[in-house]
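S.K.: Structure: model_37.pdb, PDB, C-alpha atoms and all ligand atoms.
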ATOM      1  CA  MET M  15      96.567 134.550   8.294
ATOM      2  CA  ILE M  16      98.627 134.246  11.485
ATOM      3  CA  ILE M  17     102.032 135.959  11.481
ATOM      4  CA  ALA M  18     104.376 135.479  14.431
ATOM      5  CA  VAL M  19     107.045 138.108  15.023
ATOM      6  CA  ALA M  20     110.037 136.602  16.808
ATOM      7  CA  SER M  21     113.721 137.307  17.375
ATOM      8  CA  GLY M  22     116.638 135.260  18.587
ATOM      9  CA  LYS M  23     117.401 137.868  21.226
ATOM     10  CA  GLY M  24     115.740 140.766  22.993
ATOM     11  CA  GLY M  25     116.251 144.383  22.009
ATOM     12  CA  THR M  26     116.268 143.855  18.233
ATOM     13  CA  GLY M  27     113.028 145.735  17.574
ATOM     14  CA  LYS M  28     110.599 142.795  17.648
ATOM     15  CA  THR M  29     107.836 144.724  19.409
ATOM     16  CA  LEU M  30     108.496 147.761  17.239
ATOM     17  CA  ALA M  31     107.913 145.549  14.179
ATOM     18  CA  ALA M  32     104.874 143.725  15.613
ATOM     19  CA  THR M  33     103.097 146.912  16.712
ATOM     20  CA  SER M  34     103.978 148.734  13.494
ATOM     21  CA  LEU M  35     102.597 145.859  11.408
ATOM     22  CA  ALA M  36      99.358 145.781  13.408
ATOM     23  CA  LEU M  37      98.876 149.552  13.420
ATOM     24  CA  SER M  38      99.681 149.890   9.732
ATOM     25  CA  ILE M  39      96.960 147.334   8.889
ATOM     26  CA  GLY M  40      94.632 149.145  11.303
ATOM     27  CA  GLN M  41      91.385 147.332  10.443
ATOM     28  CA  ASN M  42      90.407 143.687  10.785
ATOM     29  CA  VAL M  43      93.636 142.885  12.596
ATOM     30  CA  GLN M  44      94.339 141.271  15.944
ATOM     31  CA  LEU M  45      97.552 141.727  17.903
ATOM     32  CA  LEU M  46      98.415 139.106  20.500
ATOM     33  CA  ASP M  47     101.179 140.028  22.934
ATOM     34  CA  CYS M  48     102.575 136.588  23.789
ATOM     35  CA  ASP M  49     105.762 138.022  25.305
ATOM     36  CA  VAL M  50     103.997 137.282  28.585
ATOM     37  CA  GLU M  51     106.993 137.757  30.888
ATOM     38  CA  GLU M  52     107.326 141.330  29.758
ATOM     39  CA  PRO M  53     104.341 142.350  27.640
ATOM     40  CA  ASN M  54     104.861 145.881  26.345
ATOM     41  CA  ALA M  55     102.957 146.099  23.058
ATOM     42  CA  ALA M  56     100.117 147.852  24.931
ATOM     43  CA  ILE M  57     102.445 150.790  25.652
ATOM     44  CA  PHE M  58     102.580 151.489  21.911
ATOM     45  CA  ILE M  59      99.073 150.394  20.901
ATOM     46  CA  LYS M  60      97.311 152.069  23.865
ATOM     47  CA  PRO M  61      94.247 149.839  23.619
ATOM     48  CA  LYS M  62      91.092 150.269  25.655
ATOM     49  CA  ILE M  63      91.051 147.132  27.841
ATOM     50  CA  GLU M  64      87.508 145.796  28.078
ATOM     51  CA  GLN M  65      88.009 142.529  29.888
ATOM     52  CA  SER M  66      90.617 140.968  32.190
ATOM     53  CA  MET M  67      90.585 137.402  33.406
ATOM     54  CA  THR M  68      92.908 135.224  35.421
ATOM     55  CA  ALA M  69      94.709 132.336  33.742
ATOM     56  CA  SER M  70      95.408 129.202  35.722
ATOM     57  CA  VAL M  71      96.826 125.722  35.318
ATOM     58  CA  PRO M  72      95.823 122.497  37.088
ATOM     59  CA  VAL M  73      98.282 121.249  39.713
ATOM     60  CA  PRO M  74      98.010 118.144  41.894
ATOM     61  CA  THR M  75      96.864 118.086  45.470
ATOM     62  CA  VAL M  76      97.144 114.999  47.670
ATOM     63  CA  ASP M  77      94.604 113.581  50.077
ATOM     64  CA  GLU M  78      97.077 112.059  52.511
ATOM     65  CA  SER M  79      94.331 110.068  54.236
ATOM     66  CA  LYS M  80      94.226 107.887  51.089
ATOM     67  CA  CYS M  81      97.994 107.904  50.433
ATOM     68  CA  ASP M  82     100.307 105.058  51.465
ATOM     69  CA  TYR M  83     103.492 106.915  50.399
ATOM     70  CA  CYS M  84     104.289 104.351  47.698
ATOM     71  CA  GLY M  85     106.243 106.990  45.740
ATOM     72  CA  LYS M  86     104.661 106.161  42.361
ATOM     73  CA  CYS M  87     103.716 109.822  41.721
ATOM     74  CA  ALA M  88     107.300 111.008  42.277
ATOM     75  CA  GLU M  89     108.527 108.252  39.939
ATOM     76  CA  VAL M  90     106.252 109.280  37.062
ATOM     77  CA  CYS M  91     106.873 113.006  37.389
ATOM     78  CA  GLU M  92     109.484 113.844  34.779
ATOM     79  CA  TYR M  93     109.830 117.345  36.163
ATOM     80  CA  HIS M  94     110.693 116.427  39.763
ATOM     81  CA  ALA M  95     107.697 118.374  41.017
ATOM     82  CA  ILE M  96     106.813 115.708  43.617
ATOM     83  CA  VAL M  97     108.935 114.289  46.417
ATOM     84  CA  VAL M  98     107.600 111.478  48.613
ATOM     85  CA  THR M  99     109.124 110.840  52.017
ATOM     86  CA  ARG M 100     108.066 108.164  54.466
ATOM     87  CA  GLN M 101     105.243 110.254  55.811
ATOM     88  CA  GLN M 102     104.769 113.124  53.478
ATOM     89  CA  VAL M 103     104.118 114.013  49.845
ATOM     90  CA  LEU M 104     105.672 117.342  48.894
ATOM     91  CA  ILE M 105     104.465 119.094  45.756
ATOM     92  CA  PHE M 106     106.398 121.929  44.113
ATOM     93  CA  PRO M 107     103.720 123.670  42.012
ATOM     94  CA  GLN M 108     106.240 125.967  40.276
ATOM     95  CA  LEU M 109     107.914 122.911  38.721
ATOM     96  CA  CYS M 110     104.670 121.191  37.715
ATOM     97  CA  HIS M 111     103.939 121.070  33.952
ATOM     98  CA  SER M 112     100.294 120.080  34.543
ATOM     99  CA  CYS M 113     100.696 116.862  32.568
ATOM    100  CA  GLY M 114      98.211 115.030  34.823
ATOM    101  CA  ALA M 115     100.295 111.837  34.948
ATOM    102  CA  CYS M 116     100.539 111.669  38.744
ATOM    103  CA  ALA M 117      96.770 111.956  39.243
ATOM    104  CA  ARG M 118      96.074 109.325  36.597
ATOM    105  CA  LEU M 119      98.674 106.861  37.865
ATOM    106  CA  CYS M 120      98.241 107.147  41.638
ATOM    107  CA  PRO M 121      97.137 103.603  42.584
ATOM    108  CA  ARG M 122      95.051 104.855  45.519
ATOM    109  CA  GLY M 123      93.261 107.711  43.803
ATOM    110  CA  ALA M 124      94.772 110.086  46.352
ATOM    111  CA  ILE M 125      95.607 112.843  43.878
ATOM    112  CA  SER M 126      93.134 115.365  42.542
ATOM    113  CA  GLU M 127      93.828 118.653  40.763
ATOM    114  CA  LYS M 128      93.253 122.240  41.784
ATOM    115  CA  GLU M 129      93.698 125.389  39.728
ATOM    116  CA  ARG M 130      96.733 127.588  40.326
ATOM    117  CA  VAL M 131      96.660 131.141  38.974
ATOM    118  CA  ILE M 132      99.755 131.921  36.890
ATOM    119  CA  GLY M 133      98.785 135.225  35.309
ATOM    120  CA  ARG M 134      96.196 137.372  33.643
ATOM    121  CA  ILE M 135      94.813 137.885  30.168
ATOM    122  CA  ASP M 136      93.609 141.323  29.028
ATOM    123  CA  ILE M 137      91.372 141.825  26.014
ATOM    124  CA  GLY M 138      90.721 145.171  24.390
ATOM    125  CA  HIS M 139      90.772 147.153  21.206
ATOM    126  CA  LYS M 140      91.976 150.281  19.506
ATOM    127  CA  GLU M 141      89.544 151.198  16.754
ATOM    128  CA  GLY M 142      89.598 148.279  14.277
ATOM    129  CA  LEU M 143      92.522 146.582  15.985
ATOM    130  CA  ARG M 144      91.663 143.841  18.496
ATOM    131  CA  PHE M 145      94.223 143.377  21.227
ATOM    132  CA  VAL M 146      95.010 140.502  23.605
ATOM    133  CA  GLN M 147      97.910 140.281  26.048
ATOM    134  CA  GLY M 148      99.079 137.723  28.555
ATOM    135  CA  CYS M 149     100.753 138.924  31.768
ATOM    136  CA  LEU M 150     102.622 136.250  33.696
ATOM    137  CA  ASN M 151     102.717 136.674  37.470
ATOM    138  CA  VAL M 152     106.072 137.882  38.807
ATOM    139  CA  GLY M 153     108.278 134.947  39.808
ATOM    140  CA  GLU M 154     106.253 132.474  37.726
ATOM    141  CA  ALA M 155     108.444 130.214  35.598
ATOM    142  CA  MET M 156     105.875 128.543  33.346
ATOM    143  CA  SER M 157     104.965 130.878  30.516
ATOM    144  CA  PRO M 158     103.944 128.375  27.764
ATOM    145  CA  PRO M 159     100.546 127.507  29.346
ATOM    146  CA  LEU M 160      99.668 131.216  29.500
ATOM    147  CA  ILE M 161     100.862 131.732  25.919
ATOM    148  CA  ARG M 162      98.620 128.863  24.795
ATOM    149  CA  ARG M 163      95.650 130.448  26.629
ATOM    150  CA  VAL M 164      96.285 133.762  24.859
ATOM    151  CA  LYS M 165      96.391 131.930  21.521
ATOM    152  CA  GLU M 166      93.037 130.271  22.219
ATOM    153  CA  LEU M 167      91.633 133.782  21.681
ATOM    154  CA  ILE M 168      92.906 134.014  18.087
ATOM    155  CA  ASP M 169      90.215 135.391  15.801
ATOM    156  CA  PRO M 170      90.588 133.434  12.536
ATOM    157  CA  GLY M 171      88.589 136.056  10.653
ATOM    158  CA  ARG M 172      91.341 138.650  11.130
ATOM    159  CA  THR M 173      94.979 139.091  10.196
ATOM    160  CA  VAL M 174      96.675 137.981  13.401
ATOM    161  CA  ILE M 175     100.035 139.340  14.532
ATOM    162  CA  ILE M 176     101.721 137.508  17.415
ATOM    163  CA  ASP M 177     104.434 139.315  19.351
ATOM    164  CA  ALA M 178     106.460 136.271  20.483
ATOM    165  CA  PRO M 179     108.917 136.197  23.395
ATOM    166  CA  PRO M 180     112.597 136.624  22.478
ATOM    167  CA  GLY M 181     114.975 133.648  22.355
ATOM    168  CA  THR M 182     114.621 130.126  20.978
ATOM    169  CA  SER M 183     113.295 128.118  23.925
ATOM    170  CA  CYS M 184     109.876 126.645  24.857
ATOM    171  CA  PRO M 185     107.995 129.979  25.209
ATOM    172  CA  VAL M 186     108.965 130.992  21.662
ATOM    173  CA  ILE M 187     107.905 127.633  20.293
ATOM    174  CA  ALA M 188     104.572 127.892  22.157
ATOM    175  CA  ALA M 189     104.029 131.353  20.642
ATOM    176  CA  VAL M 190     105.126 130.598  17.066
ATOM    177  CA  LYS M 191     103.709 127.077  16.631
ATOM    178  CA  GLY M 192     100.674 126.972  14.369
ATOM    179  CA  SER M 193     101.488 130.294  12.668
ATOM    180  CA  ASP M 194     101.303 130.586   8.885
ATOM    181  CA  PHE M 195     104.465 132.662   8.715
ATOM    182  CA  CYS M 196     107.191 133.837  11.047
ATOM    183  CA  LEU M 197     109.026 137.134  10.780
ATOM    184  CA  LEU M 198     112.425 137.095  12.439
ATOM    185  CA  VAL M 199     113.598 140.516  13.503
ATOM    186  CA  THR M 200     117.337 140.975  13.741
ATOM    187  CA  GLU M 201     120.041 143.604  13.661
ATOM    188  CA  PRO M 202     123.239 143.610  11.589
ATOM    189  CA  THR M 203     125.713 142.879  14.381
ATOM    190  CA  PRO M 204     127.694 139.716  15.220
ATOM    191  CA  PHE M 205     125.396 139.051  18.233
ATOM    192  CA  GLY M 206     122.317 139.678  16.117
ATOM    193  CA  LEU M 207     123.540 137.293  13.438
ATOM    194  CA  ASN M 208     124.445 134.575  15.933
ATOM    195  CA  ASP M 209     120.965 134.697  17.480
ATOM    196  CA  LEU M 210     119.312 134.911  14.075
ATOM    197  CA  LYS M 211     121.014 131.658  13.077
ATOM    198  CA  LEU M 212     119.663 129.966  16.218
ATOM    199  CA  ALA M 213     116.186 131.322  15.522
ATOM    200  CA  VAL M 214     116.344 130.121  11.901
ATOM    201  CA  GLU M 215     117.259 126.593  13.085
ATOM    202  CA  THR M 216     114.273 126.595  15.442
ATOM    203  CA  ILE M 217     111.762 127.878  12.892
ATOM    204  CA  ARG M 218     113.019 125.445  10.254
ATOM    205  CA  LYS M 219     112.348 122.581  12.668
ATOM    206  CA  LEU M 220     108.793 123.869  13.073
ATOM    207  CA  GLU M 221     108.498 123.894   9.241
ATOM    208  CA  ILE M 222     106.995 127.381   9.217
ATOM    209  CA  PRO M 223     107.836 129.652   6.266
ATOM    210  CA  PHE M 224     109.745 132.689   7.418
ATOM    211  CA  GLY M 225     111.474 135.874   6.394
ATOM    212  CA  VAL M 226     113.668 138.461   8.053
ATOM    213  CA  ILE M 227     113.299 142.098   9.041
ATOM    214  CA  ILE M 228     116.620 143.838   9.601
ATOM    215  CA  ASN M 229     116.300 146.664  12.088
ATOM    216  CA  ARG M 230     118.867 149.467  12.218
ATOM    217  CA  ALA M 231     119.876 148.071   8.823
ATOM    218  CA  ASP M 232     122.300 150.884   8.003
ATOM    219  CA  LEU M 233     124.406 150.290  11.125
ATOM    220  CA  GLY M 234     126.729 147.355  11.729
ATOM    221  CA  ASP M 235     128.136 145.070   9.035
ATOM    222  CA  ASN M 236     126.761 143.235   5.989
ATOM    223  CA  GLN M 237     127.187 139.722   7.410
ATOM    224  CA  THR M 238     123.464 139.356   8.100
ATOM    225  CA  GLU M 239     122.583 140.223   4.509
ATOM    226  CA  ALA M 240     125.231 137.784   3.262
ATOM    227  CA  TYR M 241     123.907 135.021   5.527
ATOM    228  CA  CYS M 242     120.304 135.565   4.376
ATOM    229  CA  ALA M 243     121.390 135.529   0.724
ATOM    230  CA  ALA M 244     123.420 132.338   1.192
ATOM    231  CA  GLU M 245     120.553 130.632   3.026
ATOM    232  CA  ASN M 246     117.944 131.861   0.570
ATOM    233  CA  ILE M 247     116.055 133.686   3.324
ATOM    234  CA  PRO M 248     114.001 136.631   2.082
ATOM    235  CA  VAL M 249     114.737 139.973   3.733
ATOM    236  CA  LEU M 250     111.268 141.517   3.711
ATOM    237  CA  LEU M 251     112.100 144.858   5.263
ATOM    238  CA  ARG M 252     115.120 146.916   6.198
ATOM    239  CA  ILE M 253     114.409 149.530   8.857
ATOM    240  CA  PRO M 254     117.091 152.218   8.867
ATOM    241  CA  PHE M 255     118.296 153.679  12.147
ATOM    242  CA  LYS M 256     116.427 156.905  12.797
ATOM    243  CA  LYS M 257     116.859 158.974  15.926
ATOM    244  CA  GLU M 258     113.158 159.964  15.745
ATOM    245  CA  ILE M 259     112.076 156.291  15.909
ATOM    246  CA  ALA M 260     114.400 155.568  18.848
ATOM    247  CA  GLN M 261     113.205 158.680  20.714
ATOM    248  CA  ALA M 262     109.548 157.876  20.040
ATOM    249  CA  TYR M 263     110.063 154.261  21.158
ATOM    250  CA  ALA M 264     111.581 155.465  24.429
ATOM    251  CA  LYS M 265     108.455 157.591  24.963
ATOM    252  CA  GLY M 266     106.080 154.711  24.170
ATOM    253  CA  ILE M 267     105.102 156.003  20.735
ATOM    254  CA  ALA M 268     104.852 153.480  17.886
ATOM    255  CA  ALA M 269     107.109 153.945  14.861
ATOM    256  CA  VAL M 270     104.158 154.313  12.477
ATOM    257  CA  ASP M 271     102.576 156.971  14.713
ATOM    258  CA  ILE M 272     105.677 159.166  14.625
ATOM    259  CA  MET M 273     106.448 158.393  10.963
ATOM    260  CA  PRO M 274     103.191 157.497   9.182
ATOM    261  CA  GLU M 275     105.124 157.284   5.910
ATOM    262  CA  CYS M 276     106.504 153.925   7.226
ATOM    263  CA  ALA M 277     103.023 152.348   7.255
ATOM    264  CA  PRO M 278     102.942 151.395   3.533
ATOM    265  CA  LYS M 279     106.275 149.583   3.979
ATOM    266  CA  PHE M 280     104.851 147.481   6.810
ATOM    267  CA  ARG M 281     101.680 146.834   4.799
ATOM    268  CA  GLY M 282     103.980 145.801   1.929
ATOM    269  CA  VAL M 283     105.495 143.118   4.203
ATOM    270  CA  ILE M 284     102.008 141.718   4.893
ATOM    271  CA  GLU M 285     101.207 141.715   1.165
ATOM    272  CA  GLU M 286     104.485 139.936   0.410
ATOM    273  CA  ILE M 287     103.720 137.289   3.053
ATOM    274  CA  GLY M 288     100.214 136.870   1.587
ATOM    275  CA  LYS M 289     101.699 136.240  -1.879
ATOM    276  CA  THR M 290     104.232 133.743  -0.485
ATOM    277  CA  LEU M 291     101.501 131.809   1.302
ATOM    278  CA  GLU M 292      99.282 131.848  -1.790
ATOM    279  CA  LYS M 293     102.108 130.349  -3.837
ATOM    280  CA  ARG M 294     102.675 127.615  -1.246
ATOM    281  CA  GLY M 295      99.010 126.644  -1.196
ATOM    282  CA  PRO M 296      97.072 125.399   1.869
ATOM    283  CA  LYS M 297      98.920 124.372   5.036
ATOM    284  CA  LYS M 298      99.637 120.620   5.266
TER
HETATM  285  S1  LIG B 301     101.172 107.695  44.099
HETATM  286 FE1  LIG B 301      99.391 108.214  45.329
HETATM  287  S2  LIG B 301      99.509 106.815  47.024
HETATM  288 FE2  LIG B 301     101.521 106.781  46.090
HETATM  289  S3  LIG B 301     102.691 108.361  47.193
HETATM  290 FE3  LIG B 301     101.772 109.360  45.467
HETATM  291  S4  LIG B 301      99.856 110.195  46.236
HETATM  292 FE4  LIG B 301     100.528 108.662  47.682
HETATM  293  S1  LIG B 302     100.924 116.950  36.856
HETATM  294 FE1  LIG B 302     102.726 116.065  35.810
HETATM  295  S2  LIG B 302     104.300 117.601  36.098
HETATM  296 FE2  LIG B 302     102.728 118.076  37.588
HETATM  297  S3  LIG B 302     103.373 117.029  39.436
HETATM  298 FE3  LIG B 302     102.006 115.631  38.311
HETATM  299  S4  LIG B 302     103.355 114.365  37.067
HETATM  300 FE4  LIG B 302     104.551 116.132  37.753
END
So that I can check it, write out the structure of this file as structure tokens.

M.R.:
Amino acid sequence: MIIAVASGKGGTGKTLAATSLALSIGQNVQLLDCDVEEPNAAIFIKPKIEQSMTASVPVPTVDESKCDYCGKCAEVCEYHAIVVTRQQVLIFPQLCHSCGACARLCPRGAISEKERVIGRIDIGHKEGLRFVQGCLNVGEAMSPPLIRRVKELIDPGRTVIIDAPPGTSCPVIAAVKGSDFCLLVTEPTPFGLNDLKLAVETIRKLEIPFGVIINRADLGDNQTEAYCAAENIPVLLRIPFKKEIAQAYAKGIAAVDIMPECAPKFRGVIEEIGKTLEKRGPKK
């Protein structure tokens, strides 16, 4: 079972929920930190990292001795990563989406591909919890390829928790796609509700079953609850605001480590998701 934990905006408690879920399961679980621009689940899990490897993407390189500057490669590149002048082919690797079209369509076979390092993947564990995180290089714009590399390491024999990036754009879709269930973490404020609605639209398009966790549920207004009820969205957990949790979070201590009595509630969310998926039957 693969559960993605996402949120329409940052700062709602997404990582708090993802790490608490993983730690409360404890055994036979894998946590993937796919928030690769700012991975911070490791701060709370404190895994022993056993292996680190670079992650790279293929980008084009031009052999100008074969090139006649026809401009075909610049024409086919949807991302404007190639500019051809009368005597030069300029490649902007940061804009390249590694689609391979330019190399395939160059009429003179002048384009080959070389690997460009975009980040790092760390693999480790904490007791029965397997941990994987992607770390995008500073200044690197293309996080989806790294997220996909991290997800290649999914262990299907375990309950998998994915800490997705915040927002509703391509990185979130790369992280959430293929999951069995998505948990959307929100907070009961007008901003939280606005971003929850955007996240719901995105997840509905992906046709992934989902539910909501409301963090700091006793603060703010009841608009989020009303929205979920009207949209028939299950609220699977309400986390009350507790100064101890906020203080522990600021010190890099997971919620379930400071308040172990929360663990059954997080395990209850997993059980609830399991029942929902059983009712729905196998994925189409
Ligand atoms: S398509 Fe090939 S030959 Fe034409 S400009 Fe690009 S690299 Fe040169
Ligand atoms: S691989 Fe695709 S995205 Fe990258 S430069 Fe070539 S055509 Fe553009």

S.K.: Pick the closest to Gly138 of chain M from M:Val199, M:Ala117, M:Ile63, M:Val103: which is it, counting all atoms listed in the file?

M.R.: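 The answer is M:Ile63, which sits nearest to Gly138 of chain M.
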
S.K.: Would you pick out the contacts of Leu220 of chain M at 9 Å or less, using all atoms listed in the file, so that residues sharing its chain but fewer than 5 positions from it are not included, and give the list as a list in words?

M.R.: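 Those residues are Ile187, Val190, Lys191, Gly192 and Glu215 of chain M.
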
S.K.: Evaluating the PyMOL selection byres (((not hetatm)) within 7 of (chain B and resi 301)) on the displayed file yields which residues, as a short mmCIF file (atom, residue, chain, number, x, y, z; two decimals) with C-alpha atoms, in the coordinates of the input?

M.R.:
data_model
loop_
_atom_site.label_atom_id
_atom_site.label_comp_id
_atom_site.auth_asym_id
_atom_site.auth_seq_id
_atom_site.Cartn_x
_atom_site.Cartn_y
_atom_site.Cartn_z
CA VAL M 76 97.14 115.00 47.67
CA GLU M 78 97.08 112.06 52.51
CA LYS M 80 94.23 107.89 51.09
CA CYS M 81 97.99 107.90 50.43
CA ASP M 82 100.31 105.06 51.46
CA TYR M 83 103.49 106.92 50.40
CA CYS M 84 104.29 104.35 47.70
CA GLY M 85 106.24 106.99 45.74
CA LYS M 86 104.66 106.16 42.36
CA CYS M 87 103.72 109.82 41.72
CA ALA M 88 107.30 111.01 42.28
CA VAL M 98 107.60 111.48 48.61
CA VAL M 103 104.12 114.01 49.84
CA CYS M 116 100.54 111.67 38.74
CA LEU M 119 98.67 106.86 37.86
CA CYS M 120 98.24 107.15 41.64
CA PRO M 121 97.14 103.60 42.58
CA ARG M 122 95.05 104.86 45.52
CA GLY M 123 93.26 107.71 43.80
CA ALA M 124 94.77 110.09 46.35
CA ILE M 125 95.61 112.84 43.88
#

S.K.: List all protein, DNA and RNA residues that have any atom at most 8 Å from ligand LIG 302 (chain B), counting all atoms listed in the file, and write the list as an MDAnalysis selection string.

M.R.: chainID M and resid 72:74 87:88 90:96 105:107 109:117

S.K.: Go ahead and find all residues with at least one atom no further than 12 Å from (110.8, 162.6, 18.7) in the file's coordinates, using only C-alpha atoms; report them as a PyMOL selection string.

M.R.: chain M and resi 256-269+271-273

S.K.: Apply the PyMOL selection byres (((chain M and resi 162) around 10) and not hetatm) to the displayed file and report the matching residues as number ranges by chain.

M.R.: M: 48, 148, 157-161, 163-167, 185, 188-189, 191

S.K.: If you apply the PyMOL selection byres (((chain M and resi 180) around 9) and not hetatm) to this file, what residues do you get, as a VMD selection string?

M.R.: chain M and resid 20 to 25 28 49 178 to 179 181 to 183 185 to 186

S.K.: Write a file of the selected residues as a PDB file, in the coordinates of the input, keeping C-alpha atoms.

M.R.:
ATOM      1  CA  ALA M  20     110.037 136.602  16.808  1.00  0.00           C
ATOM      2  CA  SER M  21     113.721 137.307  17.375  1.00  0.00           C
ATOM      3  CA  GLY M  22     116.638 135.260  18.587  1.00  0.00           C
ATOM      4  CA  LYS M  23     117.401 137.868  21.226  1.00  0.00           C
ATOM      5  CA  GLY M  24     115.740 140.766  22.993  1.00  0.00           C
ATOM      6  CA  GLY M  25     116.251 144.383  22.009  1.00  0.00           C
ATOM      7  CA  LYS M  28     110.599 142.795  17.648  1.00  0.00           C
ATOM      8  CA  ASP M  49     105.762 138.022  25.305  1.00  0.00           C
ATOM      9  CA  ALA M 178     106.460 136.271  20.483  1.00  0.00           C
ATOM     10  CA  PRO M 179     108.917 136.197  23.395  1.00  0.00           C
ATOM     11  CA  GLY M 181     114.975 133.648  22.355  1.00  0.00           C
ATOM     12  CA  THR M 182     114.621 130.126  20.978  1.00  0.00           C
ATOM     13  CA  SER M 183     113.295 128.118  23.925  1.00  0.00           C
ATOM     14  CA  PRO M 185     107.995 129.979  25.209  1.00  0.00           C
ATOM     15  CA  VAL M 186     108.965 130.992  21.662  1.00  0.00           C
TER      16      VAL M 186
END

S.K.: Identify, on the basis of all atoms listed in the file, every residue whose closest approach to segment 243-246 of chain M does not exceed 10 Å; exclude the query and any residue fewer than 4 positions from it along the same chain; express the result as a PyMOL selection string.

M.R.: chain M and resi 214+225+237-239

S.K.: If I take atom CA of Cys196 of chain M and atom CA of Phe224 of chain M, how far is one from the other in Å, to one decimal?

M.R.: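 Those two atoms sit 4.6 Å apart.
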
S.K.: Rank nothing, just name the residue among M:Val146, M:Leu35, M:Leu212, M:Leu207 nearest to Asn236 of chain M, using only C-alpha atoms.

M.R.: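 So, comparing all the options, the nearest one is M:Leu207.
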
S.K.: Would you compute an axis-aligned box for segment 284-293 of chain M, covering every atom listed for it in the file with 3 Å of margin on each side, and report centre and edge lengths in Å to one decimal as AutoDock Vina command-line options?

M.R.:
--center_x 101.9 --center_y 136.0 --center_z 0.5 --size_x 11.2 --size_y 17.4 --size_z 14.7

S.K.: For the atom pair atom CA of Val226 of chain M and atom CA of Lys293 of chain M, what is the interatomic distance in Å to one decimal place?

M.R.: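 Distance reported for this atom pair: 18.5 Å.
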
S.K.: Calculate how many Å separate atom CA of Glu51 of chain M from atom CA of Thr33 of chain M, rounding to one decimal.

M.R.: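 So the answer is 17.3 Å.
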
S.K.: Applying 7 Å and all atoms listed in the file, which residues near Phe145 of chain M remain after dropping the ones on its own chain fewer than 2 positions away? List them as a ChimeraX atom specification.

M.R.: /M:44-46,61,137-139,143,147

S.K.: Would you pick out the contacts of Asp169 of chain M at 10 Å or less, using only C-alpha atoms, so that residues sharing its chain but fewer than 5 positions from it are not included, and give the list as a ChimeraX atom specification?

M.R.: /M:15-16,42-45,144,174

S.K.: For Thr75 of chain M, work out the shell of residues within 7 Å, counting all atoms listed in the file and skipping chain neighbours fewer than 3 positions away, then give it as a list in words.

M.R.: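 Skipping anything fewer than 3 positions along the chain leaves Ile125, Ser126, Glu127 and Lys128 of chain M.
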